[in-house]
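Colleague: Sharing work05.tsv, TSV, C-alpha atoms and all ligand atoms:
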```tsv
chain	number	residue	atom	x	y	z
C	1	MET	CA	-10.00	10.34	-6.36
C	2	GLU	CA	-13.33	11.60	-5.01
C	3	LEU	CA	-12.33	10.29	-1.58
C	4	ALA	CA	-8.94	12.06	-1.88
C	5	GLU	CA	-10.76	15.40	-2.18
C	6	ILE	CA	-11.98	14.98	1.40
C	7	GLY	CA	-9.21	16.41	3.58
C	8	GLY	CA	-7.21	17.26	0.45
C	9	ILE	CA	-4.08	19.36	1.10
C	10	ALA	CA	-1.59	21.26	-1.04
C	11	GLY	CA	0.60	19.04	-3.19
C	12	GLY	CA	-2.10	16.43	-3.77
C	13	GLY	CA	-2.04	14.69	-0.39
C	14	VAL	CA	-4.67	14.30	2.32
C	15	ASN	CA	-5.07	15.18	5.99
C	16	ARG	CA	-7.85	12.88	7.16
C	17	GLN	CA	-6.92	11.96	10.69
C	18	ALA	CA	-8.98	9.52	12.72
C	19	LEU	CA	-12.35	10.78	14.04
C	20	SER	CA	-11.87	14.24	12.49
C	21	ASP	CA	-14.62	16.03	10.53
C	22	GLU	CA	-12.81	15.07	7.32
C	23	GLU	CA	-12.77	11.40	8.30
C	24	PHE	CA	-16.50	11.60	9.14
C	25	SER	CA	-17.15	12.97	5.64
C	26	ALA	CA	-15.07	10.15	4.14
C	27	ARG	CA	-17.30	7.67	6.00
C	28	GLU	CA	-20.39	9.32	4.53
C	29	LEU	CA	-18.98	8.98	1.03
C	30	CYS	CA	-18.12	5.28	1.51
C	31	ILE	CA	-21.58	4.66	2.98
C	32	SER	CA	-23.23	6.36	-0.01
C	33	TRP	CA	-21.28	4.07	-2.38
C	34	ALA	CA	-22.20	1.01	-0.32
C	35	GLU	CA	-25.88	2.04	-0.40
C	36	ALA	CA	-25.71	2.41	-4.16
C	37	TYR	CA	-24.25	-1.12	-4.47
C	38	GLY	CA	-26.95	-2.52	-2.15
C	39	LEU	CA	-24.50	-3.64	0.56
C	40	GLY	CA	-25.41	-4.27	4.19
C	41	ILE	CA	-23.91	-1.45	6.27
C	42	ALA	CA	-22.96	-1.69	9.94
C	43	THR	CA	-20.57	-0.38	12.57
C	44	ASP	CA	-19.41	-1.41	16.06
C	45	ASP	CA	-18.55	0.22	19.39
C	46	ILE	CA	-15.12	1.44	18.19
C	47	GLY	CA	-16.44	2.92	14.93
C	48	ASN	CA	-15.20	0.32	12.45
C	49	LEU	CA	-17.36	0.34	9.30
C	50	PHE	CA	-18.54	-2.88	7.64
C	51	PHE	CA	-20.03	-3.28	4.15
C	52	ARG	CA	-21.42	-6.74	3.41
C	53	VAL	CA	-22.58	-8.75	0.44
C	54	GLU	CA	-24.41	-11.90	1.52
C	55	GLY	CA	-23.24	-15.28	0.29
C	56	SER	CA	-25.52	-18.18	-0.65
C	57	GLU	CA	-24.75	-19.71	2.78
C	58	PRO	CA	-24.73	-16.62	4.99
C	59	ASP	CA	-24.44	-18.61	8.22
C	60	LEU	CA	-20.88	-19.66	7.34
C	61	PRO	CA	-18.10	-17.48	8.81
C	62	LEU	CA	-17.42	-14.60	6.45
C	63	VAL	CA	-14.47	-13.61	4.28
C	64	MET	CA	-13.24	-10.13	5.17
C	65	THR	CA	-11.18	-7.56	3.29
C	66	GLY	CA	-10.47	-3.86	3.84
C	67	SER	CA	-8.01	-1.39	5.31
C	68	HIS	CA	-8.36	2.17	6.67
C	69	ILE	CA	-9.56	5.60	5.50
C	70	ASP	CA	-7.71	7.70	8.09
C	71	SER	CA	-4.40	9.26	7.07
C	72	GLN	CA	-1.27	10.87	8.45
C	73	PRO	CA	-1.52	14.70	8.72
C	74	THR	CA	0.50	14.99	5.50
C	75	GLY	CA	-0.45	11.63	4.03
C	76	GLY	CA	-1.03	10.47	0.48
C	77	LYS	CA	-4.17	9.45	-1.39
C	78	PHE	CA	-3.50	5.72	-1.45
C	79	ASP	CA	-2.32	4.53	1.97
C	80	GLY	CA	-5.31	2.68	3.42
C	81	ALA	CA	-7.87	4.19	1.05
C	82	PHE	CA	-6.74	1.82	-1.71
C	83	GLY	CA	-7.58	-1.23	0.40
C	84	VAL	CA	-11.08	-0.01	1.30
C	85	LEU	CA	-11.92	1.13	-2.23
C	86	ALA	CA	-10.43	-2.02	-3.82
C	87	GLY	CA	-12.64	-4.03	-1.46
C	88	LEU	CA	-15.75	-2.03	-2.41
C	89	GLU	CA	-14.90	-2.35	-6.10
C	90	ALA	CA	-14.36	-6.10	-5.69
C	91	VAL	CA	-17.75	-6.67	-4.04
C	92	ARG	CA	-19.42	-4.50	-6.67
C	93	ALA	CA	-17.86	-6.72	-9.35
C	94	VAL	CA	-19.04	-9.80	-7.44
C	95	ILE	CA	-22.61	-8.44	-7.38
C	96	ASP	CA	-22.60	-7.26	-11.01
C	97	SER	CA	-21.19	-10.55	-12.34
C	98	GLY	CA	-23.57	-12.69	-10.27
C	99	VAL	CA	-20.68	-15.07	-9.51
C	100	ASP	CA	-21.48	-17.73	-6.89
C	101	HIS	CA	-19.96	-17.32	-3.45
C	102	LYS	CA	-21.04	-19.38	-0.48
C	103	ARG	CA	-19.63	-17.17	2.25
C	104	SER	CA	-20.62	-13.56	2.76
C	105	ILE	CA	-17.89	-11.04	1.96
C	106	GLU	CA	-17.37	-7.97	4.12
C	107	VAL	CA	-15.33	-4.85	3.43
C	108	VAL	CA	-14.07	-3.15	6.58
C	109	ALA	CA	-12.71	0.35	7.17
C	110	TRP	CA	-10.77	-0.02	10.44
C	111	LEU	CA	-10.73	2.90	12.86
C	112	ASN	CA	-7.50	4.85	13.38
C	113	GLU	CA	-4.83	2.72	11.75
C	114	GLU	CA	-2.30	5.55	11.54
C	115	GLY	CA	-2.28	6.65	15.16
C	116	SER	CA	-1.06	10.16	14.31
C	117	ARG	CA	-3.86	11.90	16.22
C	118	PHE	CA	-4.60	9.20	18.81
C	119	ALA	CA	-1.50	7.07	19.49
C	120	PRO	CA	-0.82	4.24	19.16
C	121	GLY	CA	-2.85	3.35	16.07
C	122	MET	CA	-4.56	0.14	14.86
C	123	MET	CA	-7.34	0.84	17.39
C	124	GLY	CA	-10.19	-0.59	15.32
C	125	SER	CA	-8.55	-3.92	14.51
C	126	GLU	CA	-7.10	-4.28	18.01
C	127	ALA	CA	-10.52	-3.76	19.61
C	128	PHE	CA	-12.14	-6.14	17.09
C	129	VAL	CA	-9.78	-9.03	17.91
C	130	GLY	CA	-9.54	-8.16	21.63
C	131	VAL	CA	-5.86	-7.20	21.79
C	132	ARG	CA	-6.79	-3.87	23.45
C	133	SER	CA	-9.95	-3.15	25.43
C	134	LEU	CA	-12.46	-0.53	24.38
C	135	ASP	CA	-12.21	1.11	27.81
C	136	GLU	CA	-8.45	1.51	27.48
C	137	ILE	CA	-8.73	2.93	23.96
C	138	LYS	CA	-11.46	5.42	24.98
C	139	GLN	CA	-9.09	7.10	27.47
C	140	VAL	CA	-6.52	8.02	24.79
C	141	LYS	CA	-6.36	11.78	24.17
C	142	ASP	CA	-5.05	13.84	21.27
C	143	LYS	CA	-2.68	16.78	21.81
C	144	ASN	CA	-5.63	19.13	22.45
C	145	GLY	CA	-6.95	16.94	25.25
C	146	VAL	CA	-9.86	15.54	23.22
C	147	SER	CA	-10.40	11.86	24.04
C	148	VAL	CA	-11.36	8.97	21.78
C	149	GLU	CA	-14.44	8.64	24.00
C	150	ASP	CA	-15.50	12.25	23.21
C	151	GLU	CA	-15.06	11.70	19.48
C	152	LEU	CA	-16.80	8.31	19.49
C	153	ALA	CA	-19.83	9.99	21.09
C	154	ARG	CA	-19.80	12.58	18.29
C	155	LEU	CA	-19.47	9.77	15.73
C	156	GLU	CA	-22.43	7.89	17.21
C	157	ASP	CA	-24.54	11.04	17.03
C	158	ARG	CA	-23.67	11.61	13.41
C	159	PHE	CA	-24.24	7.97	12.36
C	160	ALA	CA	-26.99	7.10	14.84
C	161	ASP	CA	-28.99	4.99	12.39
C	162	LEU	CA	-26.19	2.48	11.66
C	163	ARG	CA	-26.67	-1.07	12.92
C	164	LYS	CA	-24.09	-2.15	15.52
C	165	LEU	CA	-22.25	-5.48	15.40
C	166	PRO	CA	-20.37	-7.09	18.30
C	167	PHE	CA	-16.57	-7.45	18.45
C	168	GLY	CA	-14.98	-10.82	17.80
C	169	ARG	CA	-17.36	-12.16	15.17
C	170	GLU	CA	-15.98	-15.30	13.57
C	171	VAL	CA	-14.02	-14.51	10.41
C	172	PHE	CA	-13.05	-17.31	8.00
C	173	CYS	CA	-10.09	-15.38	6.58
C	174	PHE	CA	-8.88	-11.81	6.02
C	175	VAL	CA	-7.15	-10.33	2.96
C	176	GLU	CA	-5.99	-6.68	3.04
C	177	ALA	CA	-4.99	-4.84	-0.13
C	178	HIS	CA	-2.48	-2.02	0.42
C	179	ILE	CA	0.22	-0.03	-1.33
C	180	GLU	CA	3.71	-1.46	-0.79
C	181	GLN	CA	5.19	1.76	0.70
C	182	GLY	CA	8.58	0.50	-0.48
C	183	PRO	CA	10.49	0.32	-3.79
C	184	ILE	CA	10.63	-3.41	-4.64
C	185	LEU	CA	7.54	-4.03	-6.82
C	186	GLU	CA	8.13	-0.91	-8.92
C	187	LYS	CA	11.79	-1.78	-9.42
C	188	GLU	CA	10.90	-5.29	-10.54
C	189	LYS	CA	7.95	-4.07	-12.65
C	190	THR	CA	5.65	-6.51	-10.82
C	191	PRO	CA	2.11	-5.19	-10.23
C	192	VAL	CA	1.14	-7.54	-7.38
C	193	GLY	CA	2.90	-8.69	-4.23
C	194	ALA	CA	1.69	-11.67	-2.18
C	195	VAL	CA	2.76	-10.57	1.29
C	196	THR	CA	4.40	-13.27	3.41
C	197	GLY	CA	4.52	-11.44	6.74
C	198	ILE	CA	5.08	-8.22	8.67
C	199	GLN	CA	8.32	-7.40	10.39
C	200	GLY	CA	8.42	-6.88	14.12
C	201	VAL	CA	8.85	-3.53	15.78
C	202	ARG	CA	9.93	-2.09	19.11
C	203	ARG	CA	8.86	1.43	20.02
C	204	MET	CA	11.03	2.76	22.80
C	205	ARG	CA	11.61	5.96	24.72
C	206	VAL	CA	14.86	7.24	26.21
C	207	LYS	CA	14.97	10.02	28.79
C	208	ILE	CA	18.26	11.77	29.56
C	209	THR	CA	18.05	13.90	32.69
C	210	GLY	CA	20.54	16.66	33.52
C	211	GLU	CA	20.25	19.98	35.30
C	212	GLU	CA	19.00	23.37	34.14
C	213	ALA	CA	21.70	26.07	34.18
C	214	HIS	CA	22.46	29.54	32.78
C	215	ALA	CA	24.06	29.32	29.32
C	216	GLY	CA	26.25	32.39	29.93
C	217	THR	CA	27.49	31.93	33.47
C	218	THR	CA	27.81	28.18	34.06
C	219	PRO	CA	31.29	26.82	33.25
C	220	TYR	CA	31.49	23.50	31.36
C	221	ASP	CA	32.74	21.52	34.34
C	222	LEU	CA	29.65	22.47	36.37
C	223	ARG	CA	27.11	21.61	33.66
C	224	ILE	CA	24.97	18.51	33.49
C	225	ASP	CA	23.84	19.14	29.91
C	226	ALA	CA	21.06	16.81	28.73
C	227	VAL	CA	21.32	17.86	25.06
C	228	GLN	CA	25.06	17.24	24.92
C	229	GLU	CA	24.68	13.79	26.46
C	230	ALA	CA	21.63	12.90	24.36
C	231	SER	CA	23.43	13.77	21.13
C	232	ARG	CA	26.34	11.55	22.19
C	233	VAL	CA	23.94	8.70	23.00
C	234	ILE	CA	22.04	9.05	19.71
C	235	GLU	CA	25.26	9.06	17.69
C	236	LYS	CA	26.47	5.91	19.49
C	237	LEU	CA	23.16	4.17	18.81
C	238	TYR	CA	23.14	5.02	15.09
C	239	GLU	CA	26.74	3.80	14.88
C	240	ALA	CA	25.89	0.53	16.64
C	241	PHE	CA	22.95	-0.23	14.33
C	242	SER	CA	24.52	0.89	11.06
C	243	ASP	CA	25.93	-2.46	10.02
C	244	ILE	CA	23.32	-5.02	11.13
C	245	GLU	CA	21.66	-6.39	8.01
C	246	ASP	CA	17.99	-5.43	7.50
C	247	ILE	CA	17.79	-3.44	10.74
C	248	ARG	CA	15.84	-0.16	10.64
C	249	PHE	CA	16.80	2.12	13.53
C	250	THR	CA	15.19	5.58	13.71
C	251	VAL	CA	15.15	8.40	16.22
C	252	GLY	CA	12.18	10.41	14.93
C	253	MET	CA	11.03	12.46	17.92
C	254	LEU	CA	13.00	14.62	20.31
C	255	THR	CA	11.60	16.75	23.14
C	256	ILE	CA	13.86	19.14	25.02
C	257	LYS	CA	13.14	20.76	28.38
C	258	PRO	CA	12.94	23.66	28.91
C	259	ASN	CA	13.72	24.17	25.18
C	260	VAL	CA	14.96	27.72	25.66
C	261	PRO	CA	18.03	29.08	23.77
C	262	SER	CA	19.84	30.51	26.80
C	263	VAL	CA	19.30	27.60	29.19
C	264	VAL	CA	21.36	24.41	29.46
C	265	ALA	CA	18.74	21.70	28.98
C	266	SER	CA	17.62	19.63	31.95
C	267	GLU	CA	15.89	16.88	30.01
C	268	VAL	CA	15.80	15.25	26.57
C	269	LEU	CA	13.18	12.65	25.73
C	270	PHE	CA	13.60	10.83	22.43
C	271	SER	CA	11.88	8.01	20.59
C	272	ILE	CA	13.37	4.90	19.04
C	273	ASP	CA	11.60	2.95	16.30
C	274	LEU	CA	13.42	-0.33	15.75
C	275	ARG	CA	12.40	-2.90	13.11
C	276	HIS	CA	13.79	-6.19	11.85
C	277	PRO	CA	12.34	-9.32	10.19
C	278	SER	CA	13.67	-11.54	13.01
C	279	SER	CA	12.03	-11.38	16.43
C	280	GLU	CA	15.22	-12.76	18.03
C	281	THR	CA	17.36	-9.99	16.52
C	282	LEU	CA	14.86	-7.40	17.75
C	283	ALA	CA	15.01	-8.76	21.29
C	284	THR	CA	18.83	-8.72	21.23
C	285	CYS	CA	18.91	-5.17	19.83
C	286	GLU	CA	16.42	-3.95	22.43
C	287	LYS	CA	18.71	-5.23	25.18
C	288	ARG	CA	21.74	-3.69	23.44
C	289	ILE	CA	20.02	-0.27	23.38
C	290	GLY	CA	19.65	-0.34	27.16
C	291	GLU	CA	23.33	-1.23	27.59
C	292	LEU	CA	24.59	1.36	25.09
C	293	VAL	CA	22.55	4.17	26.65
C	294	SER	CA	23.81	3.50	30.16
C	295	GLN	CA	27.40	3.16	28.91
C	296	SER	CA	27.23	6.40	26.91
C	297	VAL	CA	25.96	8.80	29.57
C	298	THR	CA	28.56	10.28	31.89
C	299	ASN	CA	27.02	13.09	33.98
C	300	CYS	CA	23.30	12.69	33.30
C	301	SER	CA	20.99	9.90	34.35
C	302	ALA	CA	19.17	7.83	31.73
C	303	ASP	CA	15.94	5.84	31.58
C	304	VAL	CA	15.06	3.48	28.73
C	305	TRP	CA	11.67	1.83	28.28
C	306	CYS	CA	9.62	0.10	25.63
C	307	ILE	CA	6.12	1.52	24.89
C	308	ALA	CA	5.04	-1.02	22.28
C	309	GLU	CA	6.39	-4.26	20.94
C	310	ALA	CA	5.20	-6.53	18.19
C	311	ASP	CA	7.03	-9.59	16.99
C	312	THR	CA	7.42	-10.53	13.36
C	313	ILE	CA	4.39	-12.40	12.00
C	314	THR	CA	4.05	-14.85	9.12
C	315	PHE	CA	0.86	-14.85	7.05
C	316	ASP	CA	-1.13	-17.99	6.31
C	317	GLU	CA	0.28	-20.10	3.49
C	318	ASN	CA	-3.24	-20.91	2.21
C	319	VAL	CA	-4.04	-17.22	1.76
C	320	ILE	CA	-0.64	-16.41	0.22
C	321	GLY	CA	-1.08	-19.40	-2.11
C	322	ALA	CA	-4.59	-18.30	-3.14
C	323	ILE	CA	-3.28	-14.84	-4.08
C	324	GLU	CA	-0.50	-16.42	-6.17
C	325	VAL	CA	-2.83	-18.86	-7.93
C	326	GLU	CA	-5.40	-16.16	-8.78
C	327	SER	CA	-2.66	-13.82	-10.07
C	328	GLN	CA	-1.38	-16.57	-12.32
C	329	ARG	CA	-4.89	-17.40	-13.54
C	330	LEU	CA	-5.43	-13.72	-14.41
C	331	ASN	CA	-2.00	-13.57	-16.04
C	332	ILE	CA	-0.88	-10.81	-13.67
C	333	PRO	CA	2.77	-11.03	-12.55
C	334	CYS	CA	3.07	-11.57	-8.80
C	335	ARG	CA	5.97	-12.12	-6.40
C	336	ARG	CA	6.24	-12.86	-2.71
C	337	ILE	CA	7.19	-9.85	-0.61
C	338	PHE	CA	7.72	-9.10	3.08
C	339	SER	CA	6.16	-6.01	4.68
C	340	GLY	CA	8.39	-3.52	6.43
C	341	ALA	CA	5.39	-1.47	7.62
C	342	GLY	CA	2.69	-2.44	10.11
C	343	HIS	CA	-0.92	-3.08	9.02
C	344	ASP	CA	-4.28	-4.09	10.50
C	345	ALA	CA	-3.77	-7.54	8.92
C	346	ARG	CA	-1.31	-8.19	11.78
C	347	GLN	CA	-4.17	-8.13	14.29
C	348	MET	CA	-6.42	-10.25	12.09
C	349	SER	CA	-3.64	-12.85	11.72
C	350	TYR	CA	-4.03	-13.53	15.46
C	351	VAL	CA	-7.63	-14.74	14.97
C	352	CYS	CA	-7.93	-16.10	11.42
C	353	PRO	CA	-5.86	-17.10	8.38
C	354	SER	CA	-4.77	-13.77	6.90
C	355	GLY	CA	-2.76	-12.28	4.07
C	356	MET	CA	-2.15	-9.10	2.10
C	357	ILE	CA	-1.91	-7.97	-1.51
C	358	PHE	CA	0.56	-5.18	-2.26
C	359	VAL	CA	0.60	-2.90	-5.31
C	360	PRO	CA	3.67	-0.81	-6.26
C	361	SER	CA	4.39	2.60	-4.71
C	362	CYS	CA	6.09	4.95	-7.20
C	363	GLY	CA	9.57	5.70	-5.91
C	364	GLY	CA	8.73	3.72	-2.78
C	365	ILE	CA	7.25	6.97	-1.41
C	366	SER	CA	4.58	6.88	1.30
C	367	HIS	CA	3.31	8.97	4.25
C	368	ASN	CA	3.92	11.83	1.85
C	369	VAL	CA	1.71	13.97	-0.41
C	370	ASN	CA	3.58	12.58	-3.43
C	371	GLU	CA	2.44	9.01	-2.76
C	372	HIS	CA	1.37	7.48	-6.10
C	373	THR	CA	0.39	4.17	-7.67
C	374	ASP	CA	-0.27	3.83	-11.40
C	375	GLN	CA	-3.86	3.21	-12.46
C	376	SER	CA	-2.90	-0.06	-14.20
C	377	ASP	CA	-1.40	-1.41	-10.96
C	378	ILE	CA	-4.49	-0.36	-8.98
C	379	VAL	CA	-6.65	-2.30	-11.45
C	380	ALA	CA	-4.36	-5.37	-11.36
C	381	GLY	CA	-4.31	-5.44	-7.55
C	382	THR	CA	-8.09	-5.03	-7.36
C	383	GLU	CA	-8.67	-7.84	-9.89
C	384	VAL	CA	-6.45	-10.21	-7.92
C	385	LEU	CA	-8.20	-9.18	-4.68
C	386	CYS	CA	-11.63	-9.83	-6.19
C	387	ALA	CA	-10.66	-13.25	-7.56
C	388	THR	CA	-8.99	-14.23	-4.27
C	389	LEU	CA	-12.05	-13.21	-2.22
C	390	VAL	CA	-14.40	-15.25	-4.42
C	391	GLU	CA	-12.08	-18.27	-4.32
C	392	LEU	CA	-11.82	-18.11	-0.51
C	393	ALA	CA	-15.57	-17.45	-0.12
C	394	ASN	CA	-16.25	-20.75	-1.91
C	395	ARG	CA	-13.88	-22.82	0.23
C	396	LEU	CA	-15.50	-24.95	2.88
C	397	GLU	CA	-12.39	-25.19	4.97
C	398	ILE	CA	-9.02	-23.60	5.32
C	399	SER	CA	-6.29	-25.08	7.45
C	400	SER	CA	-4.14	-22.61	9.24
C	401	LYS	CA	-0.58	-23.38	8.19
C	402	THR	CA	2.63	-21.49	7.82
C	403	GLU	CA	5.18	-22.35	5.13
C	404	SER	CA	7.38	-24.28	7.55
C	405	GLN	CA	4.45	-26.54	8.53
C	406	ILE	CA	3.57	-27.59	4.98
C	501	ZN	ZN	-1.88	2.02	5.75
```
Using structure tokens, write down the structure that the file contains.
Ligand SMILES: [Zn+2]

Modeller:
Amino acid sequence: MELAEIGGIAGGGVNRQALSDEEFSARELCISWAEAYGLGIATDDIGNLFFRVEGSEPDLPLVMTGSHIDSQPTGGKFDGAFGVLAGLEAVRAVIDSGVDHKRSIEVVAWLNEEGSRFAPGMMGSEAFVGVRSLDEIKQVKDKNGVSVEDELARLEDRFADLRKLPFGREVFCFVEAHIEQGPILEKEKTPVGAVTGIQGVRRMRVKITGEEAHAGTTPYDLRIDAVQEASRVIEKLYEAFSDIEDIRFTVGMLTIKPNVPSVVASEVLFSIDLRHPSSETLATCEKRIGELVSQSVTNCSADVWCIAEADTITFDENVIGAIEVESQRLNIPCRRIFSGAGHDARQMSYVCPSGMIFVPSCGGISHNVNEHTDQSDIVAGTEVLCATLVELANRLEISSKTESQI
């Protein structure tokens, strides 16, 4: 709750966007806790933060946990912050109890998961695993023209004494704790979810181009009205994706040019966020969107393109299994669950066996000031995380298998 006061906004939420002053202060607070626990503290060239407790065999590849401390502009207290704080709490418990663990355990706070200020997000984890280059990320600008490069320079100034680690260090396995951001665990009164995978997503843009004209003098038959055509296209798309099971189709952003009340619009640019558990269905739907848009426009011209695509991923069965076994041992109810939202664990799953632990979100609400998770569920999720980290940190090997391979 102390962290939630940094960037706190009306209604109980937080505005702690990546590389903002508020996010810098949140880093300072996490660092002060890590110092108090005696953890090793480090950063890297993209501004990820690492807090480490050494194992008895520190040369072995480490076990990593963590999430993010940045938020949406009107975000809640728990999204991301829970995973970082649960990780810190878990390593504190490991230190206090003196429990044996061969591998070192590191808690990470990934840079810019949300992507609301600098889009797209997941910058820290993508740079760490090499999915996106640091140079490419540095060029990204926010809406005021401030670049990631500018803000990283400011960050380095502020935290000049932190040790820097290279990207791509070998990680034995990664476990991220996070709020569910959906209604299932609460409905089933189950405090812990062992996450089996993350559904794929396509982020697309559609541009409808017409012609500017006077709203009072131009007769209908001479208009090439981008708003009229765009609304027809959007309605057709919603209709087409209303009855496909498990599909999530959203038009969340719309930009109109010139956006003046007395002018027939010359251009509408809108976003499409399309998600589904099956990568094949996503690919088919992406193609269908292109066809539907070109069929639906009559006078205007239309362009459709994809700005980001990520296929559905399946987490490692060994990590999922470890979460289930530790939940059972602690007598904490746990069920398997699939993630509808994206997380940094996606990137980590490309380089090491990975998994996630979900705790319930009251009312399934997230990216909202009313985001809430009950204290008892926070404790249960953190206990399972701690036990899972210790168990994995004592394993000498882990074979990377998915359910279908076992
Ligand atoms: Zn998150």

Colleague: Distance limit 9 Å, reference ligand ZN 501 (chain C), atoms considered: only C-alpha atoms and all ligand atoms. Which residues make the cut? Give them as number ranges by chain.

Modeller: C: 67-71, 78-83, 113-114, 178-179, 181, 341-344, 367

Colleague: Using only C-alpha atoms, please write the residues we just selected to a file, as a CSV table (one decimal), in the frame of the given file.

Modeller:
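Output (selection_19.csv):
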```
chain,number,residue,atom,x,y,z
C,67,SER,CA,-8.0,-1.4,5.3
C,68,HIS,CA,-8.4,2.2,6.7
C,69,ILE,CA,-9.6,5.6,5.5
C,70,ASP,CA,-7.7,7.7,8.1
C,71,SER,CA,-4.4,9.3,7.1
C,78,PHE,CA,-3.5,5.7,-1.4
C,79,ASP,CA,-2.3,4.5,2.0
C,80,GLY,CA,-5.3,2.7,3.4
C,81,ALA,CA,-7.9,4.2,1.0
C,82,PHE,CA,-6.7,1.8,-1.7
C,83,GLY,CA,-7.6,-1.2,0.4
C,113,GLU,CA,-4.8,2.7,11.8
C,114,GLU,CA,-2.3,5.6,11.5
C,178,HIS,CA,-2.5,-2.0,0.4
C,179,ILE,CA,0.2,0.0,-1.3
C,181,GLN,CA,5.2,1.8,0.7
C,341,ALA,CA,5.4,-1.5,7.6
C,342,GLY,CA,2.7,-2.4,10.1
C,343,HIS,CA,-0.9,-3.1,9.0
C,344,ASP,CA,-4.3,-4.1,10.5
C,367,HIS,CA,3.3,9.0,4.2
```

Colleague: Counting all atoms listed in the file, which residue out of C:Ile31, C:Thr74, C:Cys334, C:Ser133 sits closest to C:Gly168?

Modeller: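 Of the candidates, the smallest distance to C:Gly168 is held by C:Ser133.
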
Colleague: From the set C:Val384, C:Val351, C:Ala393, C:Ile307, which residue has the shortest atom-to-atom contact distance to C:Glu324, counting all atoms listed in the file?

Modeller: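 Among the listed residues, C:Val384 lies closest to C:Glu324.
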
Colleague: Can you list, as a ChimeraX atom specification, every protein, DNA or RNA residue that comes within 10 Å of C:His372 when you count all atoms listed in the file, leaving out same-chain residues fewer than 4 positions away?

Modeller: /C:12-13,76-79,179,181,360-366,368

Colleague: Compare C:Ile272, C:Leu134, C:Cys285, C:Ala86 by their minimum atom-to-atom distance to C:Trp305, counting all atoms listed in the file, and give me the closest one.

Modeller: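 For C:Trp305, the nearest of the candidates is C:Ile272.
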
Colleague: Tell me which protein, DNA and RNA residues are within 12 Å of C:Ile234, counting all atoms listed in the file, leaving out same-chain ones fewer than 6 positions away, and put them as a ChimeraX atom specification.

Modeller: /C:205-208,226-228,240-241,249-254,268-272,289,292-294,296-297

Colleague: Any chance you could export the current selection's C-alpha atoms as a PDB file, keeping the file's coordinate frame?

Modeller:
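selection.pdb, freshly written:
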```
ATOM      1  CA  ARG C 205      11.610   5.960  24.720  1.00  0.00           C
ATOM      2  CA  VAL C 206      14.860   7.240  26.210  1.00  0.00           C
ATOM      3  CA  LYS C 207      14.970  10.020  28.790  1.00  0.00           C
ATOM      4  CA  ILE C 208      18.260  11.770  29.560  1.00  0.00           C
ATOM      5  CA  ALA C 226      21.060  16.810  28.730  1.00  0.00           C
ATOM      6  CA  VAL C 227      21.320  17.860  25.060  1.00  0.00           C
ATOM      7  CA  GLN C 228      25.060  17.240  24.920  1.00  0.00           C
ATOM      8  CA  ALA C 240      25.890   0.530  16.640  1.00  0.00           C
ATOM      9  CA  PHE C 241      22.950  -0.230  14.330  1.00  0.00           C
ATOM     10  CA  PHE C 249      16.800   2.120  13.530  1.00  0.00           C
ATOM     11  CA  THR C 250      15.190   5.580  13.710  1.00  0.00           C
ATOM     12  CA  VAL C 251      15.150   8.400  16.220  1.00  0.00           C
ATOM     13  CA  GLY C 252      12.180  10.410  14.930  1.00  0.00           C
ATOM     14  CA  MET C 253      11.030  12.460  17.920  1.00  0.00           C
ATOM     15  CA  LEU C 254      13.000  14.620  20.310  1.00  0.00           C
ATOM     16  CA  VAL C 268      15.800  15.250  26.570  1.00  0.00           C
ATOM     17  CA  LEU C 269      13.180  12.650  25.730  1.00  0.00           C
ATOM     18  CA  PHE C 270      13.600  10.830  22.430  1.00  0.00           C
ATOM     19  CA  SER C 271      11.880   8.010  20.590  1.00  0.00           C
ATOM     20  CA  ILE C 272      13.370   4.900  19.040  1.00  0.00           C
ATOM     21  CA  ILE C 289      20.020  -0.270  23.380  1.00  0.00           C
ATOM     22  CA  LEU C 292      24.590   1.360  25.090  1.00  0.00           C
ATOM     23  CA  VAL C 293      22.550   4.170  26.650  1.00  0.00           C
ATOM     24  CA  SER C 294      23.810   3.500  30.160  1.00  0.00           C
ATOM     25  CA  SER C 296      27.230   6.400  26.910  1.00  0.00           C
ATOM     26  CA  VAL C 297      25.960   8.800  29.570  1.00  0.00           C
TER      27      VAL C 297
END
```

Colleague: Tell me, in Å to one decimal, how far atom CA of C:Phe167 is from atom CA of C:Met356.

Modeller: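 Separation of atom CA of C:Phe167 and atom CA of C:Met356: 21.9 Å.
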
Colleague: Measuring between all atoms listed in the file, which one of C:Leu60, C:Leu392, C:Leu88, C:Ile313 shows the shortest distance to C:Val201?

Modeller: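 For C:Val201, the nearest of the candidates is C:Ile313.
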
Colleague: Determine the nearest neighbour of C:Asp303 from the options C:Ala230, C:Cys30, C:Met122, C:Leu330, counting only C-alpha atoms.

Modeller: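 The closest residue to C:Asp303 is C:Ala230.
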
Colleague: Find the spatial neighbours of C:Val107, counting only C-alpha atoms, within a cut-off of 9 Å - ignore same-chain residues fewer than 5 positions away - and output them as a ChimeraX atom specification.

Modeller: /C:49-53,63-67,84-85,87-88,91

Colleague: How far is it from atom CA of C:Gly193 to atom CA of C:Gly381, in Å with one decimal?

Modeller: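 These two atoms are separated by 8.6 Å.
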